[in-house]
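Next comes run.txt, with compact mmCIF, C-alpha atoms.
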```
# COMPACT_ATOMS: atom_id res chain seq x y z
CA MET A 73 0.00 0.00 0.00
CA LYS A 74 1.73 3.12 -1.20
CA LEU A 75 0.16 6.55 -1.05
CA CYS A 76 1.73 9.34 -3.02
CA GLU A 77 1.13 12.64 -4.73
CA ARG A 78 2.48 13.89 -7.98
CA GLN A 79 6.20 14.59 -7.76
CA PRO A 80 7.71 17.37 -9.89
CA GLY A 81 9.62 16.13 -12.92
CA ARG A 82 13.04 17.23 -11.71
CA ILE A 83 14.04 16.48 -8.18
CA ARG A 84 13.71 19.32 -5.74
CA LYS A 85 16.54 19.44 -3.27
CA ALA A 86 15.54 19.24 0.35
CA VAL A 87 16.64 21.65 3.02
CA THR A 88 17.89 19.41 5.80
CA PRO A 89 17.15 20.68 9.32
CA PRO A 90 20.22 21.09 11.51
CA LEU A 91 20.98 17.83 13.27
CA ALA A 92 23.20 16.94 16.17
CA PRO A 93 26.66 16.11 14.82
CA ILE A 94 27.53 12.42 14.51
CA PRO A 95 30.78 10.79 13.43
CA LEU A 96 30.82 10.15 9.68
CA ARG A 97 32.78 7.66 7.63
CA GLU A 98 34.60 9.08 4.63
CA GLU A 99 31.91 7.62 2.35
CA GLN A 100 29.11 9.28 4.33
CA THR A 101 30.91 12.63 4.20
CA LEU A 102 31.21 12.33 0.42
CA MET A 103 27.49 11.61 0.13
CA ALA A 104 26.63 14.61 2.30
CA GLN A 105 28.69 16.85 0.05
CA GLN A 106 26.96 15.61 -3.10
CA ALA A 107 23.26 15.35 -2.22
CA PRO A 108 21.12 16.31 0.79
CA VAL A 109 19.19 13.76 2.81
CA ILE A 110 15.50 13.31 1.97
CA VAL A 111 13.34 14.88 4.67
CA SER A 112 9.64 14.04 4.57
CA SER A 113 8.45 17.64 4.62
CA GLU A 114 10.20 18.14 1.26
CA SER A 115 8.58 15.10 -0.37
CA PRO A 116 4.81 14.71 -0.93
CA PHE A 117 5.28 10.93 -1.06
CA ALA A 118 7.29 10.71 2.17
CA ARG A 119 4.96 13.12 3.97
CA ASP A 120 1.99 10.93 3.08
CA VAL A 121 3.73 7.91 4.59
CA PHE A 122 3.39 9.53 8.01
CA THR A 123 0.12 11.41 7.64
CA LYS A 124 -1.83 8.76 5.71
CA ARG A 125 -0.11 5.40 5.33
CA HIS A 126 0.97 4.85 8.94
CA PRO A 127 -2.42 5.74 10.48
CA ALA A 128 -4.13 3.46 7.93
CA LEU A 129 -1.74 0.62 8.81
CA ILE A 130 -2.49 1.02 12.50
CA GLU A 131 -6.23 0.87 11.75
CA ARG A 132 -5.68 -2.43 9.95
CA LEU A 133 -3.73 -3.80 12.91
CA LEU A 134 -6.49 -2.81 15.33
CA GLU A 135 -8.99 -4.67 13.14
CA ALA A 136 -6.77 -7.75 12.75
CA TRP A 137 -5.87 -8.44 16.40
CA PRO A 138 -7.73 -8.71 19.74
CA PHE A 139 -5.48 -6.14 21.36
CA GLY A 140 -6.27 -5.06 24.90
CA PRO A 141 -6.66 -1.48 26.16
CA GLU A 142 -2.90 -0.99 26.63
CA GLN A 143 -1.99 -1.95 23.06
CA ARG A 144 -4.92 -0.10 21.53
CA ARG A 145 -4.10 3.06 23.43
CA ALA A 146 -0.40 2.91 22.52
CA LEU A 147 -1.17 2.34 18.83
CA SER A 148 -3.69 5.17 18.72
CA VAL A 149 -1.20 7.51 20.37
CA LEU A 150 1.43 6.54 17.79
CA ALA A 151 -0.97 7.19 14.90
CA GLU A 152 -1.91 10.60 16.28
CA GLU A 153 1.73 11.43 16.98
CA ASN A 154 2.68 10.65 13.37
CA VAL A 155 0.18 13.21 12.09
CA HIS A 156 0.09 15.96 14.69
CA GLY A 157 2.69 15.27 17.36
CA VAL A 158 6.44 15.08 17.82
CA ILE A 159 8.78 12.10 18.02
CA ARG A 160 9.00 10.60 21.48
CA PRO A 161 11.77 8.20 22.51
CA LEU A 162 11.20 4.63 23.62
CA PRO A 163 10.18 4.22 27.25
CA GLU A 164 13.09 3.84 29.63
CA GLY A 165 12.17 0.23 30.31
CA ALA A 166 12.59 -0.87 26.69
CA ALA A 167 15.52 -3.24 26.26
CA ASP A 168 17.14 -1.17 23.51
CA ALA A 169 16.11 2.27 24.79
CA PRO A 170 19.74 3.43 25.29
CA LEU A 171 20.64 2.30 21.77
CA TRP A 172 17.77 4.21 20.18
CA ARG A 173 18.39 7.21 22.42
CA ASP A 174 21.84 7.48 20.83
CA ARG A 175 20.55 6.76 17.33
CA GLY A 176 18.01 9.56 17.63
CA ASN A 177 20.24 12.14 19.29
CA GLY A 178 18.93 15.56 18.24
CA LEU A 179 15.79 14.17 16.57
CA TYR A 180 13.39 13.60 19.45
CA GLY A 181 10.87 16.34 20.14
CA ARG A 182 10.57 17.21 16.44
CA PRO A 183 7.66 16.43 14.08
CA TRP A 184 8.01 13.11 12.29
CA THR A 185 8.08 14.80 8.89
CA GLU A 186 10.94 17.14 9.79
CA VAL A 187 13.71 14.59 10.27
CA PRO A 188 15.43 12.28 7.76
CA PHE A 189 12.83 10.02 6.14
CA LEU A 190 14.85 6.80 6.45
CA TRP A 191 15.47 7.25 10.17
CA ALA A 192 11.88 8.25 10.92
CA GLU A 193 10.39 5.26 9.07
CA SER A 194 12.70 2.88 10.90
CA PHE A 195 11.86 4.34 14.28
CA PHE A 196 8.13 4.25 13.53
CA TYR A 197 8.29 0.48 13.14
CA ARG A 198 10.34 0.10 16.32
CA ARG A 199 7.73 2.18 18.16
CA LEU A 200 4.98 0.04 16.63
CA LEU A 201 6.57 -3.15 17.98
CA GLU A 202 6.80 -1.49 21.38
CA ALA A 203 3.11 -0.58 21.23
CA THR A 204 2.03 -4.13 20.38
CA GLY A 205 4.23 -5.73 23.05
CA TYR A 206 6.36 -7.70 20.60
CA LEU A 207 9.56 -7.23 22.64
CA ARG A 208 8.07 -7.15 26.16
CA PRO A 209 7.27 -10.07 28.46
CA GLY A 210 3.62 -11.00 28.16
CA PRO A 211 1.19 -12.73 25.80
CA TRP A 212 2.20 -10.58 22.80
CA LEU A 213 5.91 -11.31 23.13
CA GLY A 214 7.26 -12.45 19.76
CA VAL A 215 3.90 -12.14 17.97
CA ASP A 216 4.49 -10.68 14.49
CA PRO A 217 1.81 -7.98 14.13
CA PHE A 218 1.98 -8.23 10.35
CA ALA A 219 1.59 -12.02 10.19
CA PRO A 220 -2.12 -12.00 9.23
CA PHE A 221 -1.41 -9.87 6.16
CA LYS A 222 1.55 -12.00 5.06
CA GLN A 223 -0.27 -15.29 5.60
CA ALA A 224 -3.45 -14.16 3.85
CA GLU A 225 -1.46 -13.15 0.79
CA LEU A 226 0.57 -16.35 0.76
CA ALA A 227 -2.57 -18.51 1.05
CA GLY A 228 -4.45 -16.67 -1.68
CA GLU A 229 -5.52 -18.18 -4.97
CA ALA A 230 -3.39 -15.76 -6.95
CA VAL A 231 -0.18 -16.93 -5.33
CA SER A 232 -1.16 -20.58 -5.77
CA ALA A 233 -1.77 -20.00 -9.45
CA GLU A 234 1.50 -18.17 -9.91
CA ILE A 235 3.46 -20.87 -8.08
CA ALA A 236 1.97 -23.40 -10.47
CA ALA A 237 3.43 -21.33 -13.33
CA LEU A 238 6.88 -22.64 -12.35
CA ASP A 239 5.96 -25.69 -14.44
CA ASP A 240 6.01 -23.41 -17.49
CA VAL A 241 9.27 -21.72 -16.52
CA VAL A 242 11.15 -25.00 -16.18
CA GLU A 243 10.33 -25.83 -19.81
CA LEU A 244 12.38 -22.84 -21.03
CA ALA A 245 16.02 -23.02 -22.10
CA GLU A 246 18.40 -22.55 -19.17
CA GLU A 247 19.28 -18.91 -19.89
CA GLU A 248 15.65 -17.97 -20.54
CA GLN A 249 14.63 -19.80 -17.40
CA GLY A 250 17.13 -17.86 -15.31
CA GLN A 251 16.08 -14.52 -16.79
CA ALA A 252 12.39 -15.29 -16.22
CA LEU A 253 13.07 -16.12 -12.56
CA LEU A 254 15.26 -13.03 -12.14
CA LEU A 255 12.53 -10.76 -13.46
CA SER A 256 9.93 -12.58 -11.38
CA SER A 257 12.00 -11.86 -8.29
CA LEU A 258 12.31 -8.24 -9.38
CA TRP A 259 8.63 -7.68 -10.15
CA GLY A 260 7.53 -9.59 -7.06
CA ASN A 261 8.68 -6.42 -5.31
CA ARG A 262 6.29 -4.31 -7.37
CA ALA A 263 4.01 -3.70 -4.40
CA ASP A 264 4.18 -4.70 -0.78
CA LEU A 265 2.62 -8.14 -0.39
CA GLY A 266 2.29 -8.33 -4.18
CA PHE A 267 3.50 -11.16 -6.40
CA GLN A 268 3.65 -11.91 -10.12
CA ILE A 269 5.95 -14.82 -10.83
CA THR A 270 4.95 -14.86 -14.50
CA ALA A 271 6.18 -11.28 -14.90
CA GLY A 272 9.49 -12.70 -16.06
CA GLN A 273 7.75 -13.74 -19.28
CA GLY A 274 5.27 -10.87 -19.46
CA ILE A 275 4.73 -7.30 -20.45
CA GLU A 276 5.93 -5.84 -17.13
CA ALA A 277 9.52 -6.34 -18.29
CA SER A 278 8.97 -3.28 -20.52
CA GLY A 279 8.94 -1.16 -17.35
CA LEU A 280 12.67 -1.65 -16.80
CA VAL A 281 14.29 1.78 -17.00
CA ALA A 282 17.81 0.48 -16.28
CA ASP A 283 18.68 -3.11 -17.15
CA ASP A 284 22.06 -4.58 -16.25
CA SER A 285 20.73 -8.12 -16.05
CA ALA A 286 23.17 -9.36 -18.69
CA ARG A 287 26.05 -8.06 -16.57
CA LEU A 288 24.59 -9.80 -13.53
CA TRP A 289 24.54 -13.15 -15.33
CA GLU A 290 28.13 -12.56 -16.42
CA LEU A 291 29.12 -11.99 -12.79
CA LEU A 292 27.29 -15.11 -11.69
CA ARG A 293 28.91 -17.24 -14.38
CA SER A 294 32.37 -15.85 -13.69
CA GLY A 295 32.01 -16.54 -9.98
CA ALA A 296 30.32 -19.92 -10.41
CA GLY A 297 30.96 -22.18 -7.46
CA GLY A 298 31.30 -19.35 -4.96
CA THR A 299 28.91 -17.77 -2.50
CA VAL A 300 26.01 -15.56 -3.56
CA ALA A 301 24.48 -13.31 -0.91
CA VAL A 302 20.82 -12.34 -1.31
CA VAL A 303 19.52 -9.55 0.93
CA ALA A 304 15.77 -10.11 0.95
CA ASP A 305 13.00 -7.55 1.13
CA ASN A 306 9.39 -8.71 1.35
CA ALA A 307 7.82 -11.92 2.61
CA GLY A 308 4.87 -13.64 0.94
CA GLY A 309 4.84 -14.09 -2.79
CA GLU A 310 8.02 -12.10 -3.34
CA MET A 311 9.98 -14.44 -1.07
CA VAL A 312 8.59 -17.43 -2.97
CA ALA A 313 9.97 -15.86 -6.16
CA ASP A 314 13.29 -15.19 -4.42
CA LEU A 315 13.48 -18.83 -3.32
CA ALA A 316 12.78 -19.99 -6.89
CA LEU A 317 15.68 -17.84 -8.09
CA VAL A 318 17.95 -19.18 -5.32
CA ASP A 319 17.04 -22.73 -6.32
CA HIS A 320 17.99 -21.95 -9.92
CA LEU A 321 21.38 -20.56 -8.89
CA LEU A 322 22.15 -23.63 -6.79
CA ALA A 323 20.74 -26.21 -9.20
CA HIS A 324 22.66 -24.84 -12.20
CA GLY A 325 26.00 -24.42 -10.46
CA LEU A 326 25.93 -20.61 -10.50
CA ALA A 327 26.42 -20.66 -6.74
CA ASP A 328 27.94 -23.29 -4.49
CA GLU A 329 26.09 -21.74 -1.59
CA VAL A 330 23.58 -18.93 -1.07
CA VAL A 331 23.34 -16.86 2.09
CA LEU A 332 19.87 -15.36 2.43
CA HIS A 333 19.77 -12.30 4.68
CA VAL A 334 16.42 -11.49 6.30
CA LYS A 335 15.19 -9.31 9.16
CA PRO A 336 15.71 -10.59 12.74
CA SER A 337 12.28 -9.24 13.73
CA PRO A 338 9.24 -7.71 12.00
CA TYR A 339 10.23 -4.41 10.43
CA TYR A 340 8.43 -2.66 7.57
CA VAL A 341 5.03 -4.26 7.15
CA SER A 342 5.95 -6.88 4.53
CA ASP A 343 9.60 -7.50 5.45
CA ALA A 344 10.74 -11.11 5.55
CA THR A 345 11.89 -12.84 8.74
CA LEU A 346 13.16 -16.40 9.20
CA ALA A 347 9.61 -17.53 10.00
CA ASP A 348 8.43 -16.04 6.70
CA VAL A 349 11.15 -17.92 4.79
CA ALA A 350 9.91 -21.14 6.39
CA ASP A 351 6.30 -20.31 5.48
CA CYS A 352 7.28 -19.69 1.86
CA LEU A 353 9.30 -22.88 1.63
CA ARG A 354 6.27 -24.80 2.92
CA ALA A 355 4.15 -23.10 0.26
CA LEU A 356 6.47 -24.51 -2.40
CA LEU A 357 6.43 -27.95 -0.79
CA ARG A 358 2.63 -27.94 -0.78
CA GLY A 359 2.66 -27.33 -4.50
CA LYS A 360 2.93 -29.85 -7.28
CA GLY A 361 5.36 -30.50 -10.08
CA GLU A 362 8.27 -28.06 -10.30
CA ALA A 363 7.18 -26.05 -7.24
CA ARG A 364 7.41 -29.10 -4.99
CA ALA A 365 10.65 -30.21 -6.64
CA ALA A 366 12.18 -26.78 -6.02
CA GLY A 367 11.03 -26.92 -2.40
CA GLU A 368 12.63 -30.33 -1.93
CA ARG A 369 15.90 -29.11 -3.44
CA LEU A 370 15.93 -26.06 -1.22
CA ARG A 371 15.22 -28.11 1.91
CA GLU A 372 18.08 -30.42 1.01
CA ALA A 373 20.36 -27.43 0.29
CA ALA A 374 19.59 -26.07 3.77
CA ALA A 375 20.36 -29.45 5.33
CA LEU A 376 23.72 -29.55 3.53
CA GLY A 377 24.60 -25.97 4.45
CA ARG A 378 24.37 -24.76 0.85
CA LEU A 379 21.44 -22.50 1.74
CA ARG A 380 21.97 -20.51 4.91
CA VAL A 381 19.65 -17.91 6.40
CA ARG A 382 21.14 -15.08 8.41
CA ALA A 383 19.34 -12.33 10.35
CA ASP A 384 21.69 -9.56 11.47
CA SER A 385 20.35 -6.73 13.64
CA PHE A 386 21.83 -4.21 11.19
CA PHE A 387 18.97 -4.92 8.79
CA CYS A 388 16.58 -3.29 11.27
CA ALA A 389 18.81 -0.26 11.86
CA PRO A 390 18.09 3.28 10.60
CA PHE A 391 21.37 3.64 8.71
CA ASP A 392 22.52 3.33 5.13
CA TYR A 393 25.09 0.75 4.07
CA THR A 394 28.06 3.02 4.61
CA ALA A 395 27.57 2.02 8.27
CA LEU A 396 27.80 -1.75 7.69
CA PRO A 397 29.32 -3.55 10.69
CA GLU A 398 32.67 -5.17 10.03
CA ALA A 399 31.38 -8.75 10.09
CA LEU A 400 28.86 -8.03 7.33
CA ARG A 401 31.44 -6.05 5.36
CA GLN A 402 33.75 -9.06 5.33
CA GLU A 403 30.93 -11.40 4.40
CA PHE A 404 29.79 -9.29 1.44
CA ALA A 405 33.38 -8.68 0.35
CA SER A 406 33.98 -12.42 0.06
CA ALA A 407 30.77 -13.14 -1.92
CA ALA A 408 30.89 -13.66 -5.67
CA VAL A 409 28.06 -11.13 -5.84
CA THR A 410 25.50 -9.66 -3.44
CA ILE A 411 21.94 -9.27 -4.73
CA LEU A 412 20.01 -6.57 -2.89
CA LYS A 413 16.25 -6.80 -3.18
CA GLY A 414 13.69 -4.05 -3.00
CA ASP A 415 13.17 -0.38 -2.37
CA LEU A 416 14.41 -0.09 1.22
CA ASN A 417 17.66 -1.89 0.49
CA TYR A 418 18.17 0.38 -2.52
CA ARG A 419 17.67 3.49 -0.37
CA ARG A 420 20.17 2.15 2.14
CA LEU A 421 22.65 1.24 -0.60
CA VAL A 422 22.79 4.53 -2.51
CA GLY A 423 21.75 6.76 0.39
CA ASP A 424 18.23 8.13 0.86
CA ARG A 425 19.17 11.42 -0.78
CA TRP A 426 18.09 13.82 -3.49
CA TRP A 427 20.49 12.50 -6.09
CA ASP A 428 20.36 13.70 -9.66
CA PRO A 429 18.84 10.56 -11.27
CA THR A 430 21.60 10.52 -13.90
CA THR A 431 24.27 10.09 -11.20
CA PRO A 432 26.07 6.83 -12.10
CA PHE A 433 25.11 3.85 -9.95
CA ALA A 434 28.77 2.92 -9.50
CA ALA A 435 29.63 6.41 -8.25
CA VAL A 436 27.40 6.11 -5.18
CA THR A 437 27.94 2.42 -4.40
CA GLY A 438 31.74 2.32 -4.30
CA HIS A 439 31.53 2.07 -0.50
CA PHE A 440 29.90 -1.38 -0.71
CA PRO A 441 32.46 -4.14 -0.04
CA GLY A 442 32.10 -6.36 -3.08
CA ARG A 443 30.24 -6.80 -6.33
CA ILE A 444 26.66 -5.70 -6.08
CA ALA A 445 23.37 -6.04 -7.98
CA ALA A 446 20.22 -4.13 -7.03
CA LEU A 447 16.80 -5.47 -8.05
CA ARG A 448 14.27 -2.78 -7.23
CA THR A 449 10.90 -1.46 -8.28
CA LEU A 450 10.64 2.31 -7.87
CA LYS A 451 8.49 3.08 -4.81
CA SER A 452 10.22 6.10 -3.28
CA ASP A 453 11.89 9.30 -4.42
CA VAL A 454 15.53 8.26 -4.67
CA VAL A 455 16.93 6.83 -7.91
CA VAL A 456 20.29 6.91 -9.70
CA GLY A 457 21.82 5.44 -12.82
CA LEU A 458 19.25 6.59 -15.38
CA GLY A 459 20.16 7.77 -18.85
CA ALA A 460 19.36 11.38 -19.72
CA GLY A 461 16.94 10.31 -22.45
CA THR A 462 15.16 7.87 -20.13
CA LEU A 463 14.85 10.56 -17.46
CA ALA A 464 13.39 13.06 -19.92
CA GLU A 465 10.77 10.50 -20.94
CA LEU A 466 9.92 9.56 -17.36
CA ASP A 467 9.59 13.16 -16.25
CA SER A 468 6.42 13.42 -18.34
CA THR A 469 4.84 10.59 -16.31
CA PRO A 470 3.12 11.40 -12.99
CA ASP A 471 4.45 9.62 -9.90
CA TRP A 472 6.99 7.59 -11.85
CA ARG A 473 9.34 7.53 -8.87
CA THR A 474 6.84 6.06 -6.42
CA SER A 475 4.16 4.10 -8.28
CA GLY A 476 5.97 0.75 -8.56
CA THR A 477 5.36 0.83 -12.33
CA TYR A 478 9.05 1.07 -13.18
CA ALA A 479 12.04 -0.95 -12.07
CA VAL A 480 15.81 -1.21 -12.28
CA VAL A 481 18.37 -3.98 -12.39
CA GLN A 482 21.66 -2.22 -11.67
CA VAL A 483 25.07 -3.80 -11.27
CA ARG A 484 28.44 -2.62 -10.03
CA PRO A 485 31.11 -5.30 -10.73
```

Translate the structure described by the file into structure tokens.
Amino acid sequence: MKLCERQPGRIRKAVTPPLAPIPLREEQTLMAQQAPVIVSSESPFARDVFTKRHPALIERLLEAWPFGPEQRRALSVLAEENVHGVIRPLPEGAADAPLWRDRGNGLYGRPWTEVPFLWAESFFYRRLLEATGYLRPGPWLGVDPFAPFKQAELAGEAVSAEIAALDDVVELAEEEQGQALLLSSLWGNRADLGFQITAGQGIEASGLVADDSARLWELLRSGAGGTVAVVADNAGGEMVADLALVDHLLAHGLADEVVLHVKPSPYYVSDATLADVADCLRALLRGKGEARAAGERLREAAALGRLRVRADSFFCAPFDYTALPEALRQEFASAAVTILKGDLNYRRLVGDRWWDPTTPFAAVTGHFPGRIAALRTLKSDVVVGLGAGTLAELDSTPDWRTSGTYAVVQVRP
């Protein structure tokens, strides 16, 4: 569910409010010199996230769960605060309150729309988990508030039909099969909780406004037998498509092992956790034909250590990838290629900033430790790596940055 208004054709640079100084890596300093951070008050799309999307999400949660007075009151306060109030820190009793106090130094007490968009979105979801009791002792401890939405989508007839389409994909030649699964994984990200596994063979491929997929396959072939890292985005149908792509890489020798990075806890509404990966694998195993066969291969790959799932706390942090912890930096540096899925990972990779869209992808991703491929549908303001002609054409289309109609496959060897 994305709510947005028309965005002017050329990006409008934001005026970043003065923030408390924090130590910056060299890469972060370079970014700050080149493009200002996106602040919600300067973006109709980002502003609507707080004033419309978040309150609507909280209404859905209140309808989906039998929350008691404490949870209902906390969620209602959070919804009202997003629209009319100021950012309040976590309560002192929260386990990670000191951590978030430091992360939000200089930001508390300000309206949600007047601080960096990436940080504010991240903190909203941490506050939401606090409101529902996800991290506190009690009956709601560990209960994913978004589970009903993920499970309903995964159990729907549309997903079942699309999973069955894997029988058609497997009949293609190997290269066509791989490209179909790659584009299915890409377009599965088209909308939160949305899935179109047949998109790899369909008309949606025409929405690619930057396509380095051939370079990605070259990287995969050149590094065959190594480790491929996949940083996941959404659960549900998109994760099923991601698993189908992972199975293809393993089954055809393009990767000796795949490390699938997911969130350690619920984050943005559709984000995949380990439990979601398990749910999606079971969905494949419940299928027939190629879907079940792929599920069996993936289960065996996990048993042999060829498919590993990792959930680092950094993936729920409000920072871009210039702040990667050393352990993750080493892991990505040693991978044959890292595939980053989705809009949030893209924002964290290039920096959630008002870049000129023609800024080269490689110029803003040099900080990432290793070869990188981004598979992303456009659902927020930031974008880089577009040709001047493509940009001129897109600028005549309303909401092209945020509608999910367009996508990129971008590679930095």

- request: List the neighbours of A:Ala347 out to 12 Å using only C-alpha atoms; skip same-chain residues closer than 2 positions along the sequence, and give me the result as a list in words.
  value: Gly214, Val215, Asp216, Ala219, Lys222, Gln223, Ala307, Gly308, Met311, Val334, Lys335, Pro336, Ser337, Pro338, Asp343, Ala344, Thr345, Val349, Ala350, Asp351, Cys352, Leu353, Arg354, Val381, Arg382 and Ala383 of chain A

- prompt: With only C-alpha atoms as the atoms that count, which of A:Gly295, A:Gly309, A:Pro183, A:Pro220 lies nearest to A:Gly157?
  reply: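 Of all the options, A:Pro183 lies closest to A:Gly157.
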
- prompt: Can you list, as a list in words, every protein, DNA or RNA residue that comes within 12 Å of A:Arg125 when you count only C-alpha atoms, leaving out same-chain residues fewer than 4 positions away?
  reply: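 Skipping anything fewer than 4 positions along the chain leaves Met73, Lys74, Leu75, Cys76, Phe117, Ala118, Arg119, Asp120, Val121, Leu129, Ile130, Glu131, Arg132, Ala151, Asn154, Val155, Glu193, Phe196, Tyr340 and Val341 of chain A.
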
query: Which of these residues is nearest to A:Ala366, using only C-alpha atoms: A:Val454, A:Val242, A:Val480, A:Ala282?
result: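 Smallest separation from A:Ala366 among the options: A:Val242.
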
Separation of atom CA of A:Phe391 from atom CA of A:Ser194 in Å: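 Distance between the two atoms: 9.0 Å.
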
message: From the options A:Leu292, A:Ala245, A:Val158, A:Ala355, which residue's atoms come nearest to A:Pro485, counting only C-alpha atoms?
response: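 Checking each candidate against A:Pro485, we get A:Leu292 as the closest.
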
message: Residues near A:Cys388, anyone? I mean within 7 Å using all atoms listed in the file, not counting same-chain ones fewer than 2 positions away, as a list in words.
response: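 In the requested form, the answer reads Lys335, Tyr339, Ser385, Phe386 and Pro390 of chain A.
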
Test item: residues at most 12 Å from A:Val481, all atoms listed in the file, excluding those fewer than 4 positions along its chain, as a VMD selection string: chain A and resid 251 254 to 255 257 to 259 277 279 to 289 411 to 415 418 433 444 to 450 455 to 458

How big is the axis-aligned box around the listed atoms of stretch 349-354 of chain A once 3 Å is added on each side, and where is its centre? Give both in Å to one decimal, as lines of an AutoDock Vina configuration file.
```
center_x = 8.7
center_y = -21.4
center_z = 4.0
size_x = 10.9
size_y = 12.9
size_z = 10.8
```

Separation of atom CA of A:Leu291 from atom CA of A:Leu244 in Å: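 Value for the atom CA of A:Leu244-atom CA of A:Leu291 distance: 21.6 Å.
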
field: Shortest interatomic distance to A:Glu202 - which of A:Ala237, A:Leu253, A:Ala167, A:Leu326, counting all atoms listed in the file
entry: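 Once distances to A:Glu202 are computed over all atoms listed in the file, the minimum belongs to A:Ala167.
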
field: Contacts of A:Glu135 within 12 Å, only C-alpha atoms, excl. fewer than 6 positions in-chain, as JSON, numbers by chain
entry: {"A": [128, 129, 144, 147, 217, 218, 220, 221]}

- request: May I ask for the distance between atom CA of A:Ala230 and atom CA of A:Gln482, given in Å to one decimal place?
  value: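 About the pair atom CA of A:Ala230 and atom CA of A:Gln482: they are 28.9 Å apart.
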
Pick from A:Thr394, A:Thr477, A:Ser113, A:Gln143 nearest to A:Pro441, counting all atoms listed in the file: A:Thr394

- prompt: Which is closest to A:Tyr197 among A:Leu466, A:Ala166, A:Leu357, A:Ala389, if we use all atoms listed in the file?
  reply: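 The answer is A:Ala389, which sits nearest to A:Tyr197.
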
Please work out which residues fall within 12 Å of (34.2, -23.6, -12.3), coordinates as given in the file, with all atoms listed in the file counting, and return them as a PDB file with C-alpha atoms, keeping the file's coordinate frame.
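Listing of result.pdb after writing:
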```pdb
ATOM      1  CA  LEU A 292      27.290 -15.110 -11.690  1.00  0.00           C
ATOM      2  CA  ARG A 293      28.910 -17.240 -14.380  1.00  0.00           C
ATOM      3  CA  SER A 294      32.370 -15.850 -13.690  1.00  0.00           C
ATOM      4  CA  GLY A 295      32.010 -16.540  -9.980  1.00  0.00           C
ATOM      5  CA  ALA A 296      30.320 -19.920 -10.410  1.00  0.00           C
ATOM      6  CA  GLY A 297      30.960 -22.180  -7.460  1.00  0.00           C
ATOM      7  CA  GLY A 298      31.300 -19.350  -4.960  1.00  0.00           C
ATOM      8  CA  HIS A 324      22.660 -24.840 -12.200  1.00  0.00           C
ATOM      9  CA  GLY A 325      26.000 -24.420 -10.460  1.00  0.00           C
ATOM     10  CA  LEU A 326      25.930 -20.610 -10.500  1.00  0.00           C
ATOM     11  CA  ALA A 327      26.420 -20.660  -6.740  1.00  0.00           C
ATOM     12  CA  ASP A 328      27.940 -23.290  -4.490  1.00  0.00           C
TER      13      ASP A 328
END
```

Where atoms are absent from stretch 312-323 of chain A, fill them in so it carries N, CA and C atoms, then output it as a CSV table (one decimal), in the coordinates of the input.
```
chain,number,residue,atom,x,y,z
A,312,VAL,N,8.7,-16.2,-2.2
A,312,VAL,CA,8.6,-17.4,-3.0
A,312,VAL,C,9.4,-17.3,-4.3
A,313,ALA,N,9.2,-16.1,-4.9
A,313,ALA,CA,10.0,-15.9,-6.2
A,313,ALA,C,11.5,-15.8,-5.9
A,314,ASP,N,11.9,-15.2,-4.8
A,314,ASP,CA,13.3,-15.2,-4.4
A,314,ASP,C,13.8,-16.6,-4.2
A,315,LEU,N,13.1,-17.5,-3.6
A,315,LEU,CA,13.5,-18.8,-3.3
A,315,LEU,C,13.6,-19.6,-4.6
A,316,ALA,N,12.7,-19.3,-5.6
A,316,ALA,CA,12.8,-20.0,-6.9
A,316,ALA,C,14.1,-19.6,-7.6
A,317,LEU,N,14.4,-18.3,-7.5
A,317,LEU,CA,15.7,-17.8,-8.1
A,317,LEU,C,16.9,-18.5,-7.4
A,318,VAL,N,16.9,-18.5,-6.1
A,318,VAL,CA,18.0,-19.2,-5.3
A,318,VAL,C,18.1,-20.6,-5.7
A,319,ASP,N,17.0,-21.3,-5.9
A,319,ASP,CA,17.0,-22.7,-6.3
A,319,ASP,C,17.7,-22.8,-7.7
A,320,HIS,N,17.4,-21.9,-8.6
A,320,HIS,CA,18.0,-22.0,-9.9
A,320,HIS,C,19.5,-21.8,-9.8
A,321,LEU,N,19.9,-20.8,-9.0
A,321,LEU,CA,21.4,-20.6,-8.9
A,321,LEU,C,22.1,-21.8,-8.4
A,322,LEU,N,21.5,-22.5,-7.4
A,322,LEU,CA,22.2,-23.6,-6.8
A,322,LEU,C,22.1,-24.8,-7.7
A,323,ALA,N,20.9,-25.0,-8.4
A,323,ALA,CA,20.7,-26.2,-9.2
A,323,ALA,C,21.6,-26.2,-10.5
```
